[in-house]
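Trainee: What follows is a structure written as structure tokens; I'll ask about it next.
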Amino acid sequence: MATPVRLVKLKCPRCAASHWVVDNDFRGLGLLGQRELDYDERAYHCPQCGEGGSGFQVQKKTPVALTLRAHWLFEILARHLGARRNR
Ligand SMILES: [Zn+2]
């Protein structure tokens with residue numbers, strides 16, 4: 001099954017830096033009878049201050065357009081955007 005992925009821009013609750021992650025709105029928990037987590041309930045890791053955990057705020061989302069086959073492209077793009085932002 002193809003899973004649509006997005007680039008999501010998250011704001012760190014501790015240092016307020018933003019970074020991009022590759023994620024999708026539905027991680028398949030619904031199929032297991034569990035509630036899908038909202039982005040601010042999910043655990044992420046901040047590359048700026050090393051904060052890990054939940055509470056990250058979504059600032060931007062790219063449209064769902066690509067499938068897992070393009071996942072590697074998203075990874076590269078996310079890394080690229082992150083590198084440019086942190087300069
Ligand atoms: Zn941070």
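Chain labels A, B, ... are given in the sequence in which chains occur in the structure tokens; within each chain residues are numbered consecutively from 1, and ligands are likewise numbered from 1 in the order shown.
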Which residues are near ligand 1 in this structure, taking near to mean any atom at most 6 Å from a ligand atom and counting only C-alpha atoms and all ligand atoms? Format them as a list in words.
Mentor: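 Those residues are Cys12, Arg14, Cys15, Ala16, Ala17, Cys46, Gln48, Cys49 and Glu51 of chain A.
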Trainee: Go ahead and dump the residues you just picked, C-alpha atoms, as a compact mmCIF listing (two decimals), in the first residue's frame.
Mentor:
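Saved the output as again_20.txt:
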# COMPACT_ATOMS: atom_id res chain seq x y z
CA CYS A 12 10.54 23.17 18.62
CA ARG A 14 12.01 24.48 23.70
CA CYS A 15 14.18 26.65 21.46
CA ALA A 16 11.56 27.72 18.86
CA ALA A 17 13.78 26.67 15.98
CA CYS A 46 15.05 18.91 17.42
CA GLN A 48 19.01 22.60 17.07
CA CYS A 49 18.87 22.00 20.80
CA GLU A 51 15.07 18.38 22.49
Trainee: I'd like the neighbourhood of Ala43 (chain A) as a count of residues only, where a residue qualifies if any of its atoms comes within 8 Å (using only C-alpha atoms), though same-chain residues fewer than 5 positions away should be ignored.
Mentor: 5
Trainee: Determine which residues of region 22-76 of chain A DSSP labels as alpha helix (DSSP H) from the backbone of this structure, then write them out as a ChimeraX atom specification.
Mentor: /A:71-76
Trainee: Would you save the residues of that selection, restricted to C-alpha atoms, as a PDB file, in the first residue's frame?
Mentor:
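Output file part.pdb follows:
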ATOM      1  CA  HIS A  71      10.455   9.079   0.128  1.00  0.00           C
ATOM      2  CA  TRP A  72      14.199   9.292  -0.461  1.00  0.00           C
ATOM      3  CA  LEU A  73      13.689  12.494  -2.455  1.00  0.00           C
ATOM      4  CA  PHE A  74      11.813  14.027   0.461  1.00  0.00           C
ATOM      5  CA  GLU A  75      14.610  13.052   2.800  1.00  0.00           C
ATOM      6  CA  ILE A  76      17.170  14.769   0.645  1.00  0.00           C
TER       7      ILE A  76
END
Trainee: For Lys60 (chain A), work out the shell of residues within 8 Å, counting only C-alpha atoms and skipping chain neighbours fewer than 2 positions away, then give it as a ChimeraX atom specification.
Mentor: /A:8-10,58,62
Trainee: I need the residues from that last selection saved to file as a tab-separated table (two decimals), in the first residue's frame (with N, CA and C atoms), if you can.
Mentor:
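Writing the result to result_19.tsv gives the following:
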chain	number	residue	atom	x	y	z
A	8	VAL	N	6.87	18.21	6.57
A	8	VAL	CA	6.20	18.99	7.61
A	8	VAL	C	7.24	19.85	8.31
A	9	LYS	N	6.91	21.13	8.47
A	9	LYS	CA	7.82	22.04	9.16
A	9	LYS	C	7.37	22.16	10.60
A	10	LEU	N	8.24	21.80	11.51
A	10	LEU	CA	7.89	21.76	12.93
A	10	LEU	C	8.67	22.80	13.72
A	58	VAL	N	3.16	22.36	14.18
A	58	VAL	CA	3.24	22.35	12.72
A	58	VAL	C	3.14	23.77	12.20
A	62	THR	N	3.56	20.35	3.29
A	62	THR	CA	3.46	20.25	1.84
A	62	THR	C	2.24	19.39	1.52
